[in-house]
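J.: Have a look at the structure that comes next, please.
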Amino acid sequence: MTGRILVVDPVPTNRIILRVKLSAAFYEVVQAASGKAALAMMKKAKPDLVMTASDLPDMTGRALVQALRGQDGGVRLPVVMLHGDDDPGERLASLAAGADDVLARPIDDLVMLARLRSLLRARDAEAELQLRDDTRRALGLAEQPAEFATPAHVALIPTGRQPEAEKIVSDLSAELRDRITLVDPEDALRERRPAPDVIVIAEGPGGNGEGLTLLAQMRASTLTRHASLIYVAQPHQRREAASALDMGANDLLAGGLELQELSLRLKKQIERKRTADRLRANMQDGLRAAVTDPLTGLYNRRYTLPHLNRLAERSARQGRPYAVLVLDLDHFKQVNDKFGHPAGDAVLVSLAQRLKDNLRAADLISRWGGEEFLIAMPDTGRMAAQRTAERLCQIMAEHPVMLPGGARITVTLSIGVATASREGETAPLALIDRADKALYMAKQEGRNRVVTAERTKPLPRRNPTQVETVQASPALSQNGTGPQVNRGRY
């Protein structure tokens, strides 16, 4: 399942229709017919997202939103309000009451599913940042957040001819204390420091989705990848709207530029951007010296163990799996013996960078000791962890490492994988021990392979013709074409 959704609606037919549509998209659906039942279901089901009708037998949908926000953990719970018709006034009132999004019936399935994916991605990313901030506090490195928030910078980029864009900028500047600027699409990709906090890409009335290309470039750019992106589509652009959310837009206006709705959504995105920036800065500044390895820049044991404890607690509480991978470089000692310690350092740094480039932002990567690394993957089952480990082995074996003197050598990995599930062992130290034993088996069976804790023999590689086991040899190839050797404790 991709997430658990609580559907709150007094009409059984509406609940059934939504359950069928959401189940077809691999969501787990729980249901409630009233606000009181929904609040009780919250404690029992712990949903990842709530979809509620605007009218309930015992309270309004807005009252339910406020009640949910008052519960433990409800502040960041995504809530989607369902209205009987597309009334602009009602939509604005629901957004002002705290709903993350508003959908009108009949519901456009394409846009609805894209909105759900976007909201759940944003929630997971923020939850992961918060988890890391909690770890930081547990280490005694917490600081009080700044009471004063500087005005945000919002860039509005209209595509096509939109004379009303200038008036929108003027009206927003009068309503918000933030700095609003109008940016020509031709100048949008020019480097500006500091980058805008929020970028609004607005399609013109006769547009054909020109803003989607710009959105993708903004999200991919290292300068603007952390900016909040709001995409404004025209009413006829339902496919563009869905694509924008899947391409990384944080929010969506599906009915064109509308001042009041844009103002409400900007306030929410600015607040979320500030929270994300603060959590990210806490990690970058407060923990760097104390809990990171100075060579690779990865987390060390001091950070990893408390983080794993919290990951295990969340896994047990929510009934979700997580995985631990223990990696070791094969024959690593021979790298230092043949090329010297600077070469060994270069190999460690290269591996660390490849791990960061090929894993999710939510995955924890740490240098466990020497040439051994540990990866913790939340919301990951055995098969997904196995595939990831196999991919890492293949990436390392297929791409030689450049040494300081210009030589290239190929190094390989052995990986042990252990997963915790609702039915299995969830204690972090026990999981690490199982992964370490699987790693030892991978070494015994020939190296350059993956072994899971559930198996007694190594898993076959996906493409053995491309990933060949590197055996120890007296001579090291320096151009990446001959036998390669690395060193390790095994």
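Each chain in the structure tokens gets a letter, A, B and so on, in the order shown; residues start at 1 in every chain, and ligands are counted from 1 in the order they appear.
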Output as a tab-separated table one row per residue of segment 269-354 of chain A within 12 Å of segment 244-259 of chain A: the closest atom pair and its distance in Å to one decimal place, counting only C-alpha atoms, sorted by chain and residue number ascending.
T.:
residue	atom	partner	partner_atom	distance
A:Gln269	CA	A:Asn250	CA	7.8
A:Ile270	CA	A:Asn250	CA	11.1
A:Arg272	CA	A:Asn250	CA	10.1
A:Lys273	CA	A:Asn250	CA	10.3
J.: Compile the contact shell of Ala188 of chain A as a list in words: residues with an atom at most 10 Å away, counting only C-alpha atoms, same-chain residues fewer than 4 positions apart removed.
T.: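 What passes the distance filter is Ala155, Leu156, Ile157, Leu182, Val183, Asp184, Arg192, Ile199, Leu214, Gln217 and Met218 of chain A.
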J.: Ranking A:Ala385, A:Leu403, A:Ala427, A:Leu189 by minimum distance to Val450 of chain A and counting only C-alpha atoms, which one comes first?
T.: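 Nearest to Val450 of chain A: A:Ala385.
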J.: When you count only C-alpha atoms, which of these residues is closest to Gln353 of chain A: A:Ala323, A:Ala32, A:Val401, A:Ala195?
T.: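 Once distances to Gln353 of chain A are computed over only C-alpha atoms, the minimum belongs to A:Val401.
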J.: I need the residue nearest Ala384 of chain A from this list: A:Pro196, A:Gly405, A:Pro321, A:Pro428. Use only C-alpha atoms for the distance.
T.: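 Going through A:Pro196, A:Gly405, A:Pro321, A:Pro428 one by one, the smallest distance to Ala384 of chain A is for A:Pro321.
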J.: Between atom CA of Thr275 of chain A and atom CA of Ala127 of chain A, what distance in Å does the model show, to one decimal?
T.: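 Atom-to-atom, atom CA of Thr275 of chain A and atom CA of Ala127 of chain A are spaced 11.2 Å apart.
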